[in-house]
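Structure first, then comments.
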Amino acid sequence: MDAALQQAKAAAARGEVPVGAVIIAPNGEIVTRTGNRTRELVDPTAHAEILAIRAACTALGSERLTGYDLYVTLEPCPMCAMAISAARIRRLYFGASDPKSGGVNHGPRIFTHPQAHHVPEIYDGIAAAESETLLKDFFQSRRNPTS
């Protein structure tokens with residue numbers, strides 16, 4: 001999760017919502033690491049999870065990431081949760097919960113739907129306090145730019 005947190009901090013430095021994601025191979029090596037880039041790429045789908053999945057699939061030459069794990073600093077949204085299911089990610093580890101826009105433990109709970117053809121093992125609350133602090137500080141600085 002430390003590598004995902006580093007990516008979240010880099011995203012914040014670029015003016016992006018501070019979310020970072022890392023995909024780990026079955027042998028424990030990091031395959032890809034990235035952060036949100038929706039503003040930079042002018043792409044509403046450029047969430048950290050989507051970018052990480054795309055890069056890993058490209059690197060492996062496969063649309064499936066069976067046996068691979070995803071670490072992300074924020075509970076994935078519904079779009080990202082469906083991509084995680086489609087990619088057949090083995091385990092999902094995430095930090096902060098997202099009661100407003102989450103799609104795993106909140107909102108539509110994508111992995112409980114019949115359309116989710118694969119359900120990863122889910123581990124939440126990993127480095128949640130640090131992930132939450134990054135997000136709160138980022139949005140606070142946007143509301144009060146002189147603080």
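We name chains A, B, ... following the order of the structure tokens; residues begin at 1 in each chain, and ligands are numbered from 1 as shown.
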Exercise. If we count only C-alpha atoms, what is near A:Ala55 at a cut-off of 12 Å, once residues fewer than 5 positions away on the same chain are taken out, given as a list in words?
Worked result: Ala21, Val22, Ile23, Ile30, Val31, Thr32, Arg33, Thr34, Ala46, Ala48, Glu49, Ile50, Leu60, Gly61, Ser62, Glu63, Arg64, Leu65 and Ala87 of chain A
For this session: Looking only at helix (DSSP H, G or I) from DSSP on the backbone, list the matching residues of stretch 30-66 of chain A as a list in words.
Result: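 Output for stretch 30-66 of chain A, helix (DSSP H, G or I) only: Ala48, Glu49, Ile50, Leu51, Ala52, Ile53, Arg54, Ala55, Ala56, Cys57, Thr58, Ala59 and Leu60 of chain A.
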Grab the residues selected above and save them as an mmCIF file, in the first residue's frame with C-alpha atoms.
```
data_model
loop_
_atom_site.group_PDB
_atom_site.id
_atom_site.type_symbol
_atom_site.label_atom_id
_atom_site.label_comp_id
_atom_site.auth_asym_id
_atom_site.auth_seq_id
_atom_site.Cartn_x
_atom_site.Cartn_y
_atom_site.Cartn_z
ATOM 1 C CA ALA A 48 -5.982 5.089 -10.935
ATOM 2 C CA GLU A 49 -7.508 1.608 -11.001
ATOM 3 C CA ILE A 50 -8.463 1.774 -14.691
ATOM 4 C CA LEU A 51 -5.037 3.082 -15.684
ATOM 5 C CA ALA A 52 -3.306 0.386 -13.624
ATOM 6 C CA ILE A 53 -5.437 -2.384 -15.131
ATOM 7 C CA ARG A 54 -4.860 -1.089 -18.670
ATOM 8 C CA ALA A 55 -1.095 -0.876 -18.166
ATOM 9 C CA ALA A 56 -0.857 -4.327 -16.588
ATOM 10 C CA CYS A 57 -2.968 -5.931 -19.318
ATOM 11 C CA THR A 58 -0.830 -4.277 -21.977
ATOM 12 C CA ALA A 59 2.389 -5.378 -20.283
ATOM 13 C CA LEU A 60 1.142 -8.955 -19.996
#
```
Which parts of chain A does DSSP call strand (DSSP E or B) when run on the backbone here, written out as a PDB file with N, CA, C and O atoms, in the first residue's frame?
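Output file part39.pdb is given in full below:
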```pdb
ATOM      1  N   GLY A  20      -4.186   6.490  -5.577  1.00  0.00           N
ATOM      2  CA  GLY A  20      -3.110   5.740  -6.210  1.00  0.00           C
ATOM      3  C   GLY A  20      -3.445   4.265  -6.250  1.00  0.00           C
ATOM      4  O   GLY A  20      -4.176   3.765  -5.395  1.00  0.00           O
ATOM      5  N   ALA A  21      -2.911   3.585  -7.255  1.00  0.00           N
ATOM      6  CA  ALA A  21      -3.159   2.155  -7.414  1.00  0.00           C
ATOM      7  C   ALA A  21      -1.889   1.444  -7.865  1.00  0.00           C
ATOM      8  O   ALA A  21      -1.086   2.003  -8.605  1.00  0.00           O
ATOM      9  N   VAL A  22      -1.762   0.205  -7.398  1.00  0.00           N
ATOM     10  CA  VAL A  22      -0.617  -0.629  -7.738  1.00  0.00           C
ATOM     11  C   VAL A  22      -1.136  -2.036  -8.010  1.00  0.00           C
ATOM     12  O   VAL A  22      -1.986  -2.536  -7.270  1.00  0.00           O
ATOM     13  N   ILE A  23      -0.623  -2.660  -9.054  1.00  0.00           N
ATOM     14  CA  ILE A  23      -0.955  -4.063  -9.329  1.00  0.00           C
ATOM     15  C   ILE A  23       0.284  -4.899  -9.066  1.00  0.00           C
ATOM     16  O   ILE A  23       1.381  -4.583  -9.540  1.00  0.00           O
ATOM     17  N   ILE A  24       0.056  -5.967  -8.287  1.00  0.00           N
ATOM     18  CA  ILE A  24       1.131  -6.855  -7.856  1.00  0.00           C
ATOM     19  C   ILE A  24       0.975  -8.219  -8.543  1.00  0.00           C
ATOM     20  O   ILE A  24      -0.110  -8.808  -8.527  1.00  0.00           O
ATOM     21  N   ILE A  30       5.841  -5.566  -8.315  1.00  0.00           N
ATOM     22  CA  ILE A  30       4.923  -4.545  -8.804  1.00  0.00           C
ATOM     23  C   ILE A  30       4.962  -4.557 -10.328  1.00  0.00           C
ATOM     24  O   ILE A  30       6.028  -4.435 -10.932  1.00  0.00           O
ATOM     25  N   VAL A  31       3.787  -4.715 -10.939  1.00  0.00           N
ATOM     26  CA  VAL A  31       3.668  -4.721 -12.398  1.00  0.00           C
ATOM     27  C   VAL A  31       3.449  -3.306 -12.899  1.00  0.00           C
ATOM     28  O   VAL A  31       4.023  -2.893 -13.900  1.00  0.00           O
ATOM     29  N   THR A  32       2.606  -2.572 -12.197  1.00  0.00           N
ATOM     30  CA  THR A  32       2.311  -1.195 -12.597  1.00  0.00           C
ATOM     31  C   THR A  32       1.894  -0.389 -11.375  1.00  0.00           C
ATOM     32  O   THR A  32       1.365  -0.932 -10.414  1.00  0.00           O
ATOM     33  N   ARG A  33       2.157   0.888 -11.441  1.00  0.00           N
ATOM     34  CA  ARG A  33       1.764   1.824 -10.382  1.00  0.00           C
ATOM     35  C   ARG A  33       1.359   3.128 -11.040  1.00  0.00           C
ATOM     36  O   ARG A  33       2.017   3.581 -11.973  1.00  0.00           O
ATOM     37  N   THR A  34       0.271   3.705 -10.561  1.00  0.00           N
ATOM     38  CA  THR A  34      -0.210   4.950 -11.162  1.00  0.00           C
ATOM     39  C   THR A  34      -1.159   5.649 -10.201  1.00  0.00           C
ATOM     40  O   THR A  34      -1.561   5.091  -9.190  1.00  0.00           O
ATOM     41  N   GLY A  35      -1.508   6.865 -10.555  1.00  0.00           N
ATOM     42  CA  GLY A  35      -2.484   7.642  -9.798  1.00  0.00           C
ATOM     43  C   GLY A  35      -3.518   8.217 -10.752  1.00  0.00           C
ATOM     44  O   GLY A  35      -3.393   8.095 -11.977  1.00  0.00           O
ATOM     45  N   ASP A  69      -3.006  -8.947  -7.819  1.00  0.00           N
ATOM     46  CA  ASP A  69      -3.669  -8.201  -6.756  1.00  0.00           C
ATOM     47  C   ASP A  69      -3.605  -6.710  -7.041  1.00  0.00           C
ATOM     48  O   ASP A  69      -2.637  -6.215  -7.629  1.00  0.00           O
ATOM     49  N   LEU A  70      -4.637  -6.003  -6.599  1.00  0.00           N
ATOM     50  CA  LEU A  70      -4.718  -4.550  -6.775  1.00  0.00           C
ATOM     51  C   LEU A  70      -4.780  -3.887  -5.409  1.00  0.00           C
ATOM     52  O   LEU A  70      -5.604  -4.258  -4.572  1.00  0.00           O
ATOM     53  N   TYR A  71      -3.891  -2.942  -5.202  1.00  0.00           N
ATOM     54  CA  TYR A  71      -3.905  -2.092  -4.012  1.00  0.00           C
ATOM     55  C   TYR A  71      -4.313  -0.707  -4.463  1.00  0.00           C
ATOM     56  O   TYR A  71      -3.722  -0.157  -5.405  1.00  0.00           O
ATOM     57  N   VAL A  72      -5.301  -0.133  -3.817  1.00  0.00           N
ATOM     58  CA  VAL A  72      -5.763   1.211  -4.177  1.00  0.00           C
ATOM     59  C   VAL A  72      -6.102   1.956  -2.889  1.00  0.00           C
ATOM     60  O   VAL A  72      -6.576   1.361  -1.926  1.00  0.00           O
ATOM     61  N   THR A  73      -5.855   3.255  -2.884  1.00  0.00           N
ATOM     62  CA  THR A  73      -5.994   4.030  -1.652  1.00  0.00           C
ATOM     63  C   THR A  73      -7.429   4.389  -1.299  1.00  0.00           C
ATOM     64  O   THR A  73      -7.697   4.796  -0.171  1.00  0.00           O
ATOM     65  N   LEU A  74      -8.354   4.231  -2.232  1.00  0.00           N
ATOM     66  CA  LEU A  74      -9.757   4.579  -1.993  1.00  0.00           C
ATOM     67  C   LEU A  74     -10.645   3.463  -2.522  1.00  0.00           C
ATOM     68  O   LEU A  74     -10.341   2.866  -3.560  1.00  0.00           O
ATOM     69  N   ARG A  91      -7.214 -10.360  -5.741  1.00  0.00           N
ATOM     70  CA  ARG A  91      -7.489  -9.717  -4.444  1.00  0.00           C
ATOM     71  C   ARG A  91      -7.497  -8.203  -4.624  1.00  0.00           C
ATOM     72  O   ARG A  91      -6.643  -7.650  -5.309  1.00  0.00           O
ATOM     73  N   LEU A  92      -8.443  -7.570  -3.951  1.00  0.00           N
ATOM     74  CA  LEU A  92      -8.540  -6.114  -3.918  1.00  0.00           C
ATOM     75  C   LEU A  92      -8.264  -5.656  -2.500  1.00  0.00           C
ATOM     76  O   LEU A  92      -8.939  -6.088  -1.561  1.00  0.00           O
ATOM     77  N   TYR A  93      -7.270  -4.807  -2.353  1.00  0.00           N
ATOM     78  CA  TYR A  93      -6.941  -4.187  -1.070  1.00  0.00           C
ATOM     79  C   TYR A  93      -7.193  -2.698  -1.229  1.00  0.00           C
ATOM     80  O   TYR A  93      -6.667  -2.094  -2.164  1.00  0.00           O
ATOM     81  N   PHE A  94      -7.995  -2.112  -0.341  1.00  0.00           N
ATOM     82  CA  PHE A  94      -8.166  -0.665  -0.453  1.00  0.00           C
ATOM     83  C   PHE A  94      -8.118   0.004   0.902  1.00  0.00           C
ATOM     84  O   PHE A  94      -8.331  -0.624   1.936  1.00  0.00           O
ATOM     85  N   GLY A  95      -7.812   1.302   0.862  1.00  0.00           N
ATOM     86  CA  GLY A  95      -7.626   2.090   2.069  1.00  0.00           C
ATOM     87  C   GLY A  95      -8.919   2.702   2.566  1.00  0.00           C
ATOM     88  O   GLY A  95      -9.703   2.070   3.266  1.00  0.00           O
ATOM     89  N   ALA A  96      -9.161   3.943   2.190  1.00  0.00           N
ATOM     90  CA  ALA A  96     -10.317   4.698   2.677  1.00  0.00           C
ATOM     91  C   ALA A  96     -11.617   4.180   2.075  1.00  0.00           C
ATOM     92  O   ALA A  96     -11.663   3.810   0.904  1.00  0.00           O
ATOM     93  N   GLU A 121     -11.230 -11.422  -3.753  1.00  0.00           N
ATOM     94  CA  GLU A 121     -11.168 -11.330  -2.291  1.00  0.00           C
ATOM     95  C   GLU A 121     -10.999  -9.852  -1.985  1.00  0.00           C
ATOM     96  O   GLU A 121     -10.258  -9.154  -2.678  1.00  0.00           O
ATOM     97  N   ILE A 122     -11.679  -9.366  -0.941  1.00  0.00           N
ATOM     98  CA  ILE A 122     -11.653  -7.931  -0.632  1.00  0.00           C
ATOM     99  C   ILE A 122     -11.120  -7.719   0.781  1.00  0.00           C
ATOM    100  O   ILE A 122     -11.602  -8.340   1.738  1.00  0.00           O
ATOM    101  N   TYR A 123     -10.139  -6.827   0.877  1.00  0.00           N
ATOM    102  CA  TYR A 123      -9.552  -6.447   2.158  1.00  0.00           C
ATOM    103  C   TYR A 123      -9.593  -4.924   2.220  1.00  0.00           C
ATOM    104  O   TYR A 123      -8.927  -4.255   1.434  1.00  0.00           O
ATOM    105  N   ASP A 124     -10.389  -4.383   3.130  1.00  0.00           N
ATOM    106  CA  ASP A 124     -10.521  -2.927   3.204  1.00  0.00           C
ATOM    107  C   ASP A 124      -9.885  -2.384   4.474  1.00  0.00           C
ATOM    108  O   ASP A 124      -9.494  -3.131   5.362  1.00  0.00           O
TER     109      ASP A 124
END
```
Exercise. Do you have the atom CA of A:Cys77-atom CA of A:Ala4 distance handy?
Worked result: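 So the answer is 16.5 Å.
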Problem set entry | Who sits within 9 Å of A:Pro26, only C-alpha atoms, same chain under 3 positions skipped, as a list of chain:residue names | A:Glu29, A:Thr66, A:Gly67, A:Tyr68, A:Asp69
Residues just named, written with N, CA and C atoms as a CSV table (one decimal), in the first residue's frame:
```
chain,number,residue,atom,x,y,z
A,29,GLU,N,6.0,-9.0,-7.3
A,29,GLU,CA,6.6,-7.8,-7.9
A,29,GLU,C,5.5,-6.9,-8.4
A,66,THR,N,-5.6,-12.7,-13.9
A,66,THR,CA,-5.9,-13.8,-12.9
A,66,THR,C,-4.6,-14.0,-12.1
A,67,GLY,N,-4.8,-14.0,-10.8
A,67,GLY,CA,-3.7,-14.2,-9.8
A,67,GLY,C,-3.0,-12.9,-9.4
A,68,TYR,N,-3.4,-11.8,-10.0
A,68,TYR,CA,-2.8,-10.5,-9.7
A,68,TYR,C,-3.7,-9.8,-8.6
A,69,ASP,N,-3.0,-8.9,-7.8
A,69,ASP,CA,-3.7,-8.2,-6.8
A,69,ASP,C,-3.6,-6.7,-7.0
```
For this session: Please provide as a list in words all residues within 8 Å of A:Ser101, with the sequence filter that same-chain residues fewer than 5 positions apart are discarded (counting only C-alpha atoms).
Result: Cys77, Pro78, His106 and Gly107 of chain A
Would you save the residues from that selection as a PDB file, in the first residue's frame, using all heavy atoms?
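Written file, result.pdb:
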```pdb
ATOM      1  N   CYS A  77     -14.858   3.026  -7.274  1.00  0.00           N
ATOM      2  CA  CYS A  77     -16.196   3.441  -7.710  1.00  0.00           C
ATOM      3  C   CYS A  77     -16.829   2.279  -8.487  1.00  0.00           C
ATOM      4  O   CYS A  77     -16.150   1.292  -8.798  1.00  0.00           O
ATOM      5  CB  CYS A  77     -16.098   4.695  -8.567  1.00  0.00           C
ATOM      6  SG  CYS A  77     -15.406   4.405 -10.215  1.00  0.00           S
ATOM      7  N   PRO A  78     -18.106   2.382  -8.835  1.00  0.00           N
ATOM      8  CA  PRO A  78     -18.746   1.301  -9.590  1.00  0.00           C
ATOM      9  C   PRO A  78     -18.045   0.976 -10.917  1.00  0.00           C
ATOM     10  O   PRO A  78     -17.893  -0.196 -11.267  1.00  0.00           O
ATOM     11  CB  PRO A  78     -20.163   1.824  -9.821  1.00  0.00           C
ATOM     12  CG  PRO A  78     -20.408   2.741  -8.668  1.00  0.00           C
ATOM     13  CD  PRO A  78     -19.078   3.402  -8.409  1.00  0.00           C
ATOM     14  N   HIS A 106     -20.128   0.253  -0.521  1.00  0.00           N
ATOM     15  CA  HIS A 106     -21.155   1.296  -0.507  1.00  0.00           C
ATOM     16  C   HIS A 106     -21.828   1.358  -1.867  1.00  0.00           C
ATOM     17  O   HIS A 106     -21.398   0.696  -2.813  1.00  0.00           O
ATOM     18  CB  HIS A 106     -20.529   2.653  -0.159  1.00  0.00           C
ATOM     19  CG  HIS A 106     -19.933   2.672   1.201  1.00  0.00           C
ATOM     20  ND1 HIS A 106     -18.621   2.330   1.435  1.00  0.00           N
ATOM     21  CD2 HIS A 106     -20.475   2.953   2.399  1.00  0.00           C
ATOM     22  CE1 HIS A 106     -18.380   2.406   2.742  1.00  0.00           C
ATOM     23  NE2 HIS A 106     -19.481   2.779   3.346  1.00  0.00           N
ATOM     24  N   GLY A 107     -22.859   2.175  -1.976  1.00  0.00           N
ATOM     25  CA  GLY A 107     -23.519   2.364  -3.273  1.00  0.00           C
ATOM     26  C   GLY A 107     -24.048   1.065  -3.836  1.00  0.00           C
ATOM     27  O   GLY A 107     -24.640   0.269  -3.117  1.00  0.00           O
TER      28      GLY A 107
END
```
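Taking atom CA of A:Ala127 and atom CA of A:Ala8 as endpoints, the distance between them is 12.4 Å.
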Exercise. Rounded to one decimal in Å, what is the spacing between atom CA of A:Lys100 and atom CA of A:Asn36?
Worked result: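 Value for the atom CA of A:Lys100-atom CA of A:Asn36 distance: 17.9 Å.
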Problem set entry | A:Ala10, A:Asn105, A:Ala83, A:Asn144 ranked by distance to A:Gly125, top pick (using only C-alpha atoms) | A:Asn105
